[in-house]
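Novice: Structure file coords35.cif (mmCIF, C-alpha atoms) right here:
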data_run
#
loop_
_atom_site.group_PDB
_atom_site.id
_atom_site.type_symbol
_atom_site.label_atom_id
_atom_site.label_comp_id
_atom_site.auth_asym_id
_atom_site.auth_seq_id
_atom_site.Cartn_x
_atom_site.Cartn_y
_atom_site.Cartn_z
ATOM 1 C CA MET A 30 2.219 -112.483 91.661
ATOM 2 C CA ILE A 31 4.335 -114.989 93.606
ATOM 3 C CA ASN A 32 7.374 -114.491 91.375
ATOM 4 C CA ARG A 33 7.062 -110.720 91.600
ATOM 5 C CA SER A 34 6.916 -110.796 95.415
ATOM 6 C CA ILE A 35 9.980 -113.028 95.618
ATOM 7 C CA LYS A 36 11.909 -110.701 93.315
ATOM 8 C CA ILE A 37 11.020 -107.653 95.398
ATOM 9 C CA LEU A 38 12.233 -109.333 98.595
ATOM 10 C CA LEU A 39 15.373 -110.561 96.853
ATOM 11 C CA PHE A 40 16.324 -107.166 95.460
ATOM 12 C CA ILE A 41 15.718 -105.441 98.776
ATOM 13 C CA VAL A 42 18.567 -107.645 99.988
ATOM 14 C CA VAL A 43 20.648 -107.142 96.846
ATOM 15 C CA ILE A 44 20.338 -103.365 96.936
ATOM 16 C CA HIS A 45 21.985 -103.281 100.353
ATOM 17 C CA THR A 46 24.840 -105.397 98.986
ATOM 18 C CA GLU A 47 25.429 -103.732 95.650
ATOM 19 C CA CYS A 48 24.838 -100.164 96.764
ATOM 20 C CA PHE A 49 27.453 -99.187 99.313
ATOM 21 C CA GLY A 50 26.937 -102.311 101.398
ATOM 22 C CA GLN A 51 24.055 -101.208 103.634
ATOM 23 C CA ASP A 52 23.007 -97.773 102.365
ATOM 24 C CA SER A 53 20.937 -96.887 99.340
ATOM 25 C CA ASP A 54 23.347 -95.456 96.813
ATOM 26 C CA PRO A 55 23.418 -91.692 96.135
ATOM 27 C CA GLY A 56 26.130 -92.326 93.560
ATOM 28 C CA PRO A 57 29.473 -90.613 93.011
ATOM 29 C CA GLY A 58 27.965 -87.235 92.098
ATOM 30 C CA TYR A 59 28.156 -83.947 93.975
ATOM 31 C CA GLN A 60 24.478 -82.988 93.970
ATOM 32 C CA MET A 61 23.969 -85.304 96.971
ATOM 33 C CA ILE A 62 27.408 -84.884 98.567
ATOM 34 C CA LEU A 63 26.014 -83.340 101.763
ATOM 35 C CA ILE A 64 24.660 -86.684 102.972
ATOM 36 C CA ASN A 65 28.109 -88.261 102.647
ATOM 37 C CA ASN A 66 30.487 -85.498 103.741
ATOM 38 C CA PRO A 67 29.373 -82.600 105.978
ATOM 39 C CA ALA A 68 32.609 -80.711 105.224
ATOM 40 C CA PHE A 69 31.125 -79.776 101.826
ATOM 41 C CA SER A 70 28.412 -77.698 103.530
ATOM 42 C CA GLY A 71 28.521 -74.220 102.039
ATOM 43 C CA SER A 72 31.701 -74.953 100.079
ATOM 44 C CA GLU A 73 30.204 -73.511 96.892
ATOM 45 C CA GLY A 74 29.541 -70.294 98.810
ATOM 46 C CA ASP A 75 26.097 -69.360 97.536
ATOM 47 C CA GLY A 76 23.042 -71.002 99.063
ATOM 48 C CA ALA A 77 21.790 -73.917 96.973
ATOM 49 C CA LEU A 78 18.635 -76.028 97.153
ATOM 50 C CA ARG A 79 19.151 -79.491 95.631
ATOM 51 C CA LEU A 80 16.531 -82.077 94.696
ATOM 52 C CA SER A 81 17.209 -85.609 93.453
ATOM 53 C CA TYR A 82 15.171 -88.656 92.526
ATOM 54 C CA LEU A 83 16.619 -92.155 92.031
ATOM 55 C CA ASN A 84 14.844 -95.162 90.545
ATOM 56 C CA PHE A 85 16.726 -98.422 91.206
ATOM 57 C CA PHE A 86 16.571 -101.349 88.738
ATOM 58 C CA PRO A 87 14.086 -99.545 86.443
ATOM 59 C CA GLY A 88 11.810 -101.562 84.212
ATOM 60 C CA ASN A 89 11.605 -104.550 86.575
ATOM 61 C CA ASN A 90 8.673 -103.457 88.789
ATOM 62 C CA TYR A 91 10.753 -103.751 91.952
ATOM 63 C CA ASN A 92 9.371 -100.450 93.262
ATOM 64 C CA LEU A 93 12.676 -99.205 94.702
ATOM 65 C CA HIS A 94 12.935 -95.416 94.876
ATOM 66 C CA SER A 95 14.825 -92.684 96.725
ATOM 67 C CA VAL A 96 14.215 -88.948 96.969
ATOM 68 C CA TYR A 97 16.616 -86.364 98.362
ATOM 69 C CA LEU A 98 16.372 -82.704 99.349
ATOM 70 C CA SER A 99 19.065 -80.450 100.814
ATOM 71 C CA TYR A 100 19.972 -76.819 101.343
ATOM 72 C CA ASP A 101 23.376 -75.446 102.313
ATOM 73 C CA SER A 102 25.140 -72.102 102.256
ATOM 74 C CA TYR A 103 28.065 -70.139 103.675
ATOM 75 C CA PHE A 104 27.259 -68.026 106.737
ATOM 76 C CA THR A 105 29.671 -65.265 107.754
ATOM 77 C CA ALA A 106 28.572 -65.356 111.394
ATOM 78 C CA LEU A 107 29.445 -69.066 111.590
ATOM 79 C CA HIS A 108 32.750 -68.675 109.709
ATOM 80 C CA GLY A 109 31.695 -71.715 107.743
ATOM 81 C CA GLY A 110 28.886 -73.501 105.985
ATOM 82 C CA ALA A 111 25.745 -75.100 107.314
ATOM 83 C CA GLY A 112 22.887 -77.039 105.813
ATOM 84 C CA PHE A 113 20.228 -79.680 106.215
ATOM 85 C CA TYR A 114 19.072 -82.693 104.213
ATOM 86 C CA LEU A 115 16.068 -85.021 104.023
ATOM 87 C CA THR A 116 15.938 -88.421 102.323
ATOM 88 C CA ASP A 117 13.304 -91.089 101.826
ATOM 89 C CA ASP A 118 14.163 -94.601 100.608
ATOM 90 C CA TYR A 119 11.044 -96.503 99.545
ATOM 91 C CA LEU A 120 11.987 -100.168 99.147
ATOM 92 C CA GLY A 121 9.416 -102.380 97.487
ATOM 93 C CA GLY A 122 6.499 -101.100 99.533
ATOM 94 C CA ILE A 123 7.833 -103.093 102.507
ATOM 95 C CA ILE A 124 10.603 -100.903 103.983
ATOM 96 C CA ASN A 125 10.579 -97.125 104.179
ATOM 97 C CA ASP A 126 13.693 -95.337 105.485
ATOM 98 C CA LEU A 127 13.331 -91.676 106.403
ATOM 99 C CA ARG A 128 16.418 -89.662 107.316
ATOM 100 C CA GLY A 129 16.874 -86.037 108.259
ATOM 101 C CA GLY A 130 20.032 -84.288 109.373
ATOM 102 C CA PHE A 131 21.958 -81.048 109.889
ATOM 103 C CA SER A 132 25.586 -80.386 109.013
ATOM 104 C CA TYR A 133 28.170 -77.722 109.796
ATOM 105 C CA SER A 134 31.593 -77.067 108.320
ATOM 106 C CA TYR A 135 34.274 -74.751 109.723
ATOM 107 C CA PHE A 136 36.408 -73.021 107.074
ATOM 108 C CA LEU A 137 40.135 -72.700 107.794
ATOM 109 C CA LYS A 138 42.956 -71.197 105.733
ATOM 110 C CA ALA A 139 45.803 -73.589 106.525
ATOM 111 C CA GLY A 140 48.402 -72.105 104.167
ATOM 112 C CA LYS A 141 48.971 -69.688 101.324
ATOM 113 C CA GLU A 142 47.162 -71.919 98.847
ATOM 114 C CA LEU A 143 45.716 -74.576 101.148
ATOM 115 C CA TYR A 144 42.232 -74.403 102.630
ATOM 116 C CA ILE A 145 40.659 -77.021 104.899
ATOM 117 C CA ASN A 146 37.015 -77.412 105.919
ATOM 118 C CA ALA A 147 36.149 -79.620 108.892
ATOM 119 C CA GLY A 148 32.556 -80.830 109.093
ATOM 120 C CA LEU A 149 30.229 -82.606 111.497
ATOM 121 C CA SER A 150 26.682 -83.880 110.960
ATOM 122 C CA GLY A 151 23.903 -85.280 113.100
ATOM 123 C CA SER A 152 20.928 -87.150 111.687
ATOM 124 C CA VAL A 153 17.885 -89.162 112.699
ATOM 125 C CA TYR A 154 16.881 -92.368 110.924
ATOM 126 C CA HIS A 155 13.396 -93.819 111.020
ATOM 127 C CA ARG A 156 12.780 -97.236 109.477
ATOM 128 C CA GLY A 157 9.152 -98.203 108.951
ATOM 129 C CA PHE A 158 7.809 -101.603 107.875
ATOM 130 C CA ASN A 159 4.678 -102.646 106.013
ATOM 131 C CA PHE A 160 4.290 -106.427 105.705
ATOM 132 C CA SER A 161 0.639 -106.424 104.702
ATOM 133 C CA ASN A 162 1.475 -107.321 101.079
ATOM 134 C CA ALA A 163 4.697 -109.252 101.763
ATOM 135 C CA LEU A 164 5.020 -112.865 100.686
ATOM 136 C CA LEU A 165 7.797 -114.887 102.340
ATOM 137 C CA PRO A 166 9.418 -117.942 100.690
ATOM 138 C CA GLU A 167 8.082 -120.250 103.424
ATOM 139 C CA GLN A 168 4.515 -119.397 102.390
ATOM 140 C CA ILE A 169 4.898 -120.803 98.887
ATOM 141 C CA ASP A 170 3.665 -124.325 98.239
ATOM 142 C CA PRO A 171 6.158 -125.700 95.659
ATOM 143 C CA LEU A 172 3.840 -128.567 94.697
ATOM 144 C CA GLY A 173 0.421 -126.966 94.655
ATOM 145 C CA GLY A 174 1.536 -123.490 93.749
ATOM 146 C CA GLY A 175 -0.587 -122.037 96.503
ATOM 147 C CA ILE A 176 0.097 -119.613 99.316
ATOM 148 C CA LEU A 177 0.393 -121.072 102.824
ATOM 149 C CA PRO A 178 -0.201 -119.245 106.132
ATOM 150 C CA ALA A 179 2.904 -117.658 107.630
ATOM 151 C CA SER A 180 4.477 -119.435 110.606
ATOM 152 C CA GLU A 181 4.831 -116.140 112.460
ATOM 153 C CA ILE A 182 3.312 -112.684 112.320
ATOM 154 C CA LEU A 183 5.816 -110.036 111.299
ATOM 155 C CA SER A 184 5.772 -106.849 113.338
ATOM 156 C CA SER A 185 5.124 -103.625 111.412
ATOM 157 C CA GLY A 186 6.506 -101.384 114.146
ATOM 158 C CA GLY A 187 9.127 -98.832 113.190
ATOM 159 C CA ARG A 188 12.467 -97.915 114.716
ATOM 160 C CA THR A 189 14.153 -94.524 115.141
ATOM 161 C CA VAL A 190 17.878 -94.056 115.800
ATOM 162 C CA PHE A 191 20.421 -91.214 115.943
ATOM 163 C CA ASP A 192 23.569 -91.098 113.835
ATOM 164 C CA ILE A 193 26.589 -88.829 113.418
ATOM 165 C CA GLY A 194 29.195 -88.297 110.726
ATOM 166 C CA ALA A 195 32.380 -86.279 110.228
ATOM 167 C CA GLY A 196 34.466 -85.175 107.281
ATOM 168 C CA LEU A 197 37.282 -83.040 105.900
ATOM 169 C CA LEU A 198 37.614 -81.092 102.667
ATOM 170 C CA PHE A 199 40.853 -79.657 101.292
ATOM 171 C CA ILE A 200 41.201 -77.143 98.465
ATOM 172 C CA SER A 201 44.582 -76.464 96.871
ATOM 173 C CA GLY A 202 44.745 -74.601 93.590
ATOM 174 C CA LYS A 203 42.712 -76.470 90.991
ATOM 175 C CA ILE A 204 42.461 -79.668 93.060
ATOM 176 C CA PHE A 205 40.063 -80.492 95.870
ATOM 177 C CA GLY A 206 39.164 -83.636 97.753
ATOM 178 C CA GLY A 207 37.303 -84.906 100.752
ATOM 179 C CA PHE A 208 37.432 -87.668 103.332
ATOM 180 C CA SER A 209 34.513 -88.645 105.548
ATOM 181 C CA VAL A 210 33.411 -91.228 108.097
ATOM 182 C CA ASN A 211 29.686 -91.953 108.278
ATOM 183 C CA HIS A 212 27.694 -93.929 110.863
ATOM 184 C CA LEU A 213 30.130 -93.188 113.684
ATOM 185 C CA SER A 214 27.502 -94.374 116.171
ATOM 186 C CA GLU A 215 26.819 -97.553 114.115
ATOM 187 C CA PRO A 216 23.032 -97.280 114.604
ATOM 188 C CA ASP A 217 20.912 -100.423 114.724
ATOM 189 C CA LEU A 218 17.871 -100.161 112.435
ATOM 190 C CA SER A 219 16.583 -103.680 113.071
ATOM 191 C CA LEU A 220 13.673 -104.397 115.383
ATOM 192 C CA GLN A 221 15.364 -107.498 116.790
ATOM 193 C CA GLY A 222 18.609 -105.809 117.832
ATOM 194 C CA TYR A 223 20.894 -108.146 115.880
ATOM 195 C CA PRO A 224 24.526 -106.894 115.890
ATOM 196 C CA ALA A 225 24.847 -107.812 112.211
ATOM 197 C CA GLU A 226 22.074 -105.338 111.347
ATOM 198 C CA LYS A 227 23.984 -102.312 112.628
ATOM 199 C CA LEU A 228 24.984 -99.808 109.975
ATOM 200 C CA LYS A 229 28.733 -100.238 109.698
ATOM 201 C CA ARG A 230 31.016 -97.215 109.512
ATOM 202 C CA LYS A 231 31.436 -96.014 105.956
ATOM 203 C CA LEU A 232 34.700 -94.406 104.829
ATOM 204 C CA LEU A 233 34.685 -92.267 101.692
ATOM 205 C CA LEU A 234 37.468 -90.541 99.793
ATOM 206 C CA ASN A 235 36.936 -88.374 96.721
ATOM 207 C CA LEU A 236 39.206 -86.238 94.526
ATOM 208 C CA ALA A 237 38.415 -83.836 91.693
ATOM 209 C CA GLY A 238 40.123 -81.235 89.549
ATOM 210 C CA ASP A 239 39.129 -78.146 87.576
ATOM 211 C CA PHE A 240 41.140 -77.442 84.417
ATOM 212 C CA ASN A 241 40.395 -74.925 81.647
ATOM 213 C CA LEU A 242 40.588 -76.040 78.037
ATOM 214 C CA ASN A 243 40.440 -72.567 76.444
ATOM 215 C CA ARG A 244 41.589 -69.061 77.270
ATOM 216 C CA SER A 245 38.084 -67.755 77.857
ATOM 217 C CA LYS A 246 37.633 -70.388 80.582
ATOM 218 C CA THR A 247 34.240 -71.399 79.144
ATOM 219 C CA LEU A 248 35.253 -75.012 78.542
ATOM 220 C CA LYS A 249 36.561 -77.180 81.392
ATOM 221 C CA ILE A 250 37.576 -80.768 81.979
ATOM 222 C CA ARG A 251 36.924 -82.123 85.493
ATOM 223 C CA PRO A 252 38.633 -85.465 86.240
ATOM 224 C CA GLN A 253 37.433 -87.143 89.406
ATOM 225 C CA ALA A 254 37.776 -90.332 91.417
ATOM 226 C CA TYR A 255 36.291 -91.812 94.554
ATOM 227 C CA MET A 256 36.653 -94.904 96.712
ATOM 228 C CA GLY A 257 35.010 -96.208 99.846
ATOM 229 C CA LEU A 258 34.794 -98.974 102.395
ATOM 230 C CA GLN A 259 31.860 -100.188 104.496
ATOM 231 C CA GLY A 260 32.388 -103.378 106.457
ATOM 232 C CA ASP A 261 33.670 -105.992 104.012
ATOM 233 C CA PHE A 262 32.357 -104.097 101.000
ATOM 234 C CA TYR A 263 34.652 -101.733 99.118
ATOM 235 C CA PHE A 264 34.020 -99.816 95.946
ATOM 236 C CA GLY A 265 35.487 -97.104 93.750
ATOM 237 C CA GLY A 266 35.345 -95.341 90.442
ATOM 238 C CA ALA A 267 36.957 -92.793 88.161
ATOM 239 C CA GLY A 268 35.769 -90.646 85.317
ATOM 240 C CA VAL A 269 35.612 -87.223 83.778
ATOM 241 C CA VAL A 270 33.172 -84.343 83.337
ATOM 242 C CA LEU A 271 33.362 -82.047 80.315
ATOM 243 C CA GLU A 272 31.720 -78.700 81.073
ATOM 244 C CA SER A 273 30.793 -75.638 79.059
ATOM 245 C CA GLU A 274 28.949 -72.609 80.330
ATOM 246 C CA TYR A 275 25.486 -74.126 79.887
ATOM 247 C CA LEU A 276 25.971 -77.838 79.139
ATOM 248 C CA SER A 277 28.070 -80.651 80.598
ATOM 249 C CA VAL A 278 28.456 -84.374 79.953
ATOM 250 C CA ASN A 279 30.040 -86.991 82.187
ATOM 251 C CA SER A 280 31.023 -90.633 82.304
ATOM 252 C CA MET A 281 32.435 -92.771 85.126
ATOM 253 C CA LEU A 282 33.530 -96.387 85.438
ATOM 254 C CA LEU A 283 32.542 -97.981 88.772
ATOM 255 C CA ALA A 284 33.666 -101.251 90.368
ATOM 256 C CA ASP A 285 33.353 -103.120 93.678
ATOM 257 C CA ASN A 286 34.676 -106.260 95.358
ATOM 258 C CA ALA A 287 31.439 -108.121 94.589
ATOM 259 C CA GLY A 288 32.775 -108.435 91.039
ATOM 260 C CA ASN A 289 30.497 -105.781 89.517
ATOM 261 C CA ILE A 290 31.723 -103.310 86.909
ATOM 262 C CA ASN A 291 29.283 -100.557 85.989
ATOM 263 C CA ASN A 292 29.213 -97.375 83.973
ATOM 264 C CA GLN A 293 27.419 -94.175 84.901
ATOM 265 C CA SER A 294 26.935 -91.461 82.293
ATOM 266 C CA GLY A 295 24.833 -88.341 82.189
ATOM 267 C CA PHE A 296 24.458 -84.693 81.342
ATOM 268 C CA SER A 297 23.380 -81.424 82.905
ATOM 269 C CA ILE A 298 21.920 -78.164 81.594
ATOM 270 C CA LYS A 299 22.292 -74.859 83.416
ATOM 271 C CA ILE A 300 19.982 -71.922 82.734
ATOM 272 C CA GLY A 301 20.537 -68.939 84.981
ATOM 273 C CA ASN A 302 20.422 -70.109 88.594
ATOM 274 C CA VAL A 303 18.804 -73.462 87.768
ATOM 275 C CA LEU A 304 20.676 -76.689 87.002
ATOM 276 C CA PHE A 305 18.937 -79.788 85.616
ATOM 277 C CA PHE A 306 20.869 -83.070 85.650
ATOM 278 C CA TYR A 307 20.316 -86.692 84.638
ATOM 279 C CA ASN A 308 22.477 -89.811 85.147
ATOM 280 C CA TYR A 309 22.003 -93.396 84.000
ATOM 281 C CA ARG A 310 23.908 -96.351 85.442
ATOM 282 C CA PHE A 311 24.132 -99.732 83.756
ATOM 283 C CA ASN A 312 25.887 -102.983 84.547
ATOM 284 C CA ILE A 313 28.766 -104.136 82.342
ATOM 285 C CA ILE A 314 29.890 -107.180 84.345
ATOM 286 C CA SER A 315 27.904 -108.759 87.174
ATOM 287 C CA GLY A 316 29.747 -110.710 89.847
ATOM 288 C CA ASN A 317 26.742 -112.942 90.570
ATOM 289 C CA ASP A 318 24.838 -112.800 87.249
ATOM 290 C CA MET A 319 21.814 -111.430 89.124
ATOM 291 C CA LEU A 320 21.972 -107.742 88.295
ATOM 292 C CA PRO A 321 19.900 -106.483 85.366
ATOM 293 C CA LEU A 322 21.409 -104.217 82.729
ATOM 294 C CA SER A 323 19.722 -101.054 84.041
ATOM 295 C CA LEU A 324 20.795 -100.229 87.593
ATOM 296 C CA LEU A 325 19.403 -96.767 88.187
ATOM 297 C CA HIS A 326 18.069 -93.544 86.767
ATOM 298 C CA GLN A 327 18.877 -90.332 88.622
ATOM 299 C CA THR A 328 17.430 -86.935 87.845
ATOM 300 C CA GLY A 329 17.211 -83.693 89.754
ATOM 301 C CA LEU A 330 17.378 -79.926 90.016
ATOM 302 C CA SER A 331 19.651 -77.483 91.796
ATOM 303 C CA PHE A 332 18.608 -73.899 92.515
ATOM 304 C CA THR A 333 20.960 -71.104 93.585
ATOM 305 C CA LEU A 334 18.804 -69.113 95.989
ATOM 306 C CA THR A 335 21.116 -66.668 97.757
ATOM 307 C CA ALA A 336 24.294 -64.927 96.646
ATOM 308 C CA VAL A 337 27.091 -64.669 99.222
ATOM 309 C CA ASP A 338 29.787 -61.984 99.244
ATOM 310 C CA LYS A 339 32.936 -64.090 99.037
ATOM 311 C CA ARG A 340 35.546 -61.342 98.514
ATOM 312 C CA ASN A 341 38.635 -62.036 100.650
ATOM 313 C CA ALA A 342 36.501 -64.074 103.027
ATOM 314 C CA ILE A 343 36.470 -67.718 101.975
ATOM 315 C CA LYS A 344 37.776 -70.102 99.356
ATOM 316 C CA THR A 345 34.972 -71.751 97.391
ATOM 317 C CA ILE A 346 34.786 -74.462 94.745
ATOM 318 C CA ASN A 347 32.473 -75.240 91.874
ATOM 319 C CA PHE A 348 31.085 -78.756 92.094
ATOM 320 C CA PRO A 349 31.487 -80.915 88.991
ATOM 321 C CA LYS A 350 28.108 -80.999 87.229
ATOM 322 C CA LEU A 351 27.492 -84.660 88.048
#
Could you write out this structure as structure tokens?
Specialist:
Amino acid sequence: MINRSIKILLFIVVIHTECFGQDSDPGPGYQMILINNPAFSGSEGDGALRLSYLNFFPGNNYNLHSVYLSYDSYFTALHGGAGFYLTDDYLGGIINDLRGGFSYSYFLKAGKELYINAGLSGSVYHRGFNFSNALLPEQIDPLGGGILPASEILSSGGRTVFDIGAGLLFISGKIFGGFSVNHLSEPDLSLQGYPAEKLKRKLLLNLAGDFNLNRSKTLKIRPQAYMGLQGDFYFGGAGVVLESEYLSVNSMLLADNAGNINNQSGFSIKIGNVLFFYNYRFNIISGNDMLPLSLLHQTGLSFTLTAVDKRNAIKTINFPKL
């Protein structure tokens, strides 16, 4: 029991180092892109409801989970896209981060073949604490193996803060990419108000392509890359998605300045207006020899709920099935 509690506390710290510095990691995929770049709101045109579940460090009983829900669509009256998202990060039964936000993206035709979307998002974070089952290192008796009383009582009060983000999306021919800045307000989620606990601004850049491999356009190859920076932590990756009409497979190589090299691979199946996807990430090289082999499982569904008339009105893209 003591070893398990120490591991949970340790990996709550590690997850904020390995996964985008301070945020739980939605990964490089596009089924959760709304939380990272509001400019993608409605960029597929039709209204889509997306659900995702992530299990971090599976098989180690660390109890680290995230769930995600979003809906976005193009709205003619707004001359752009709008959407909302909800997330819940459940970290070891000790920390629970709830986040909800709205996003809007204005669609602009900047040239004959160049389209630019400019997006803005506002969100509310709530961090809750539950220390009833927490065991701190100072409570462990190294000689007797017992549990000592804590020197101080930890407060279980929560904290709620407001945050904003902004982003751009460009579409030119078969290439599209986005740039975003998250945590513009650098919200402080700590109860003590330590400056070091503020969420640092996160910069993200992603690029993707859409190329047909046959004349019937039923088989595509979708190269993609992304990179980001949050505080002193920077990360990036590149890979490819191979898509047919109903099935796709993907693989990406990921790296960061902590010395970690990981691989994420997965597949998706599309039946009608429903898309099912699954991704698995594993560690190839660990910079600190602490990461287990299995880093995360991600699974989810995407439903196309409303069809939008896009004739001569907007330029849309098809997200890579990742």
Novice: Could you give me the centre and size, in Å to one decimal, of an axis-aligned box around all listed atoms of segment 243-262 of chain A with 5 Å added on every side, as JSON?
Specialist:
{"center_x": 36.7, "center_y": -86.9, "center_z": 91.5, "size_x": 19.7, "size_y": 48.2, "size_z": 40.0}
Novice: State, in Å with one decimal place, the distance from atom CA of Ser209 of chain A to atom CA of Ile145 of chain A.
Specialist: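 Here the two named atoms are 13.2 Å from each other.
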Novice: Could you tell me which residues the PyMOL selection byres ((chain A and resi 323-334) around 6) grabs in this file, written as a PyMOL selection string?
Specialist: chain A and resi 76-86+302-311+321-322+335
Novice: A:Gly151, A:Pro57, A:Gly140, A:Gly301: which is nearest Phe113 of chain A, counting all atoms listed in the file?
Specialist: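 That would be A:Gly151, the residue with the smallest distance to Phe113 of chain A.
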Novice: Would you mind listing what lies within 9 Å of Ile343 of chain A as a list in words, with all atoms listed in the file counted and same-chain residues fewer than 5 positions away left out?
Specialist: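 My reading of the contact set: Ser72, Gly74, Tyr103, His108, Gly109, Phe136, Leu137, Lys138 and Tyr144 of chain A.
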Novice: Specify as a PyMOL selection string each residue included when the PyMOL selection byres ((chain A and resi 97) around 10) is applied to this file.
Specialist: chain A and resi 55+60-61+64+79-83+95-96+98-99+114-118+128-129+329
Novice: Using all atoms listed in the file, determine which residues lie at most 7 Å from Leu283 of chain A, disregarding the query and same-chain residues fewer than 6 positions distant; provide the list as a ChimeraX atom specification.
Specialist: /A:265-267,290-292
Novice: Tell me, in Å to one decimal, how far atom CA of Asn347 of chain A is from atom CA of Tyr59 of chain A.
Specialist: 9.9 Å
Novice: For the file shown, what are the residues hit by the PyMOL selection byres ((chain A and resi 284) around 12), laid out as a PyMOL selection string?
Specialist: chain A and resi 47-49+57+254-257+262-268+281-283+285-293+310-316
Novice: Could you work out how far atom CA of Gly58 of chain A lies from atom CA of Tyr154 of chain A, giving the answer in Å with one decimal?
Specialist: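 These two atoms are separated by 22.4 Å.
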Novice: Between A:Phe240, A:Phe199, A:Phe69, A:Phe296, which one has atoms that come closest to Ser277 of chain A, using all atoms listed in the file?
Specialist: A:Phe296
Novice: Which one is closest to Leu236 of chain A: A:Asp318, A:Phe348, A:Lys141, A:Leu127? Count only C-alpha atoms.
Specialist: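 The shortest atom-to-atom distance to Leu236 of chain A comes from A:Phe348.
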Novice: Between A:Ser132, A:Gln259, A:Asn279, A:Ser297, which is the closest to Glu215 of chain A once you count only C-alpha atoms?
Specialist: A:Gln259
Novice: When you count only C-alpha atoms, which of these residues is closest to Gly121 of chain A: A:Asn92, A:Thr105, A:Ser134, A:Thr247?
Specialist: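 Looking at the shortest contact to Gly121 of chain A, the residue is A:Asn92.
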Novice: I'd like to know which of A:Ala195, A:Asn235, A:Asn90, A:Asn146 is closest to Gly207 of chain A, using only C-alpha atoms.
Specialist: A:Asn235
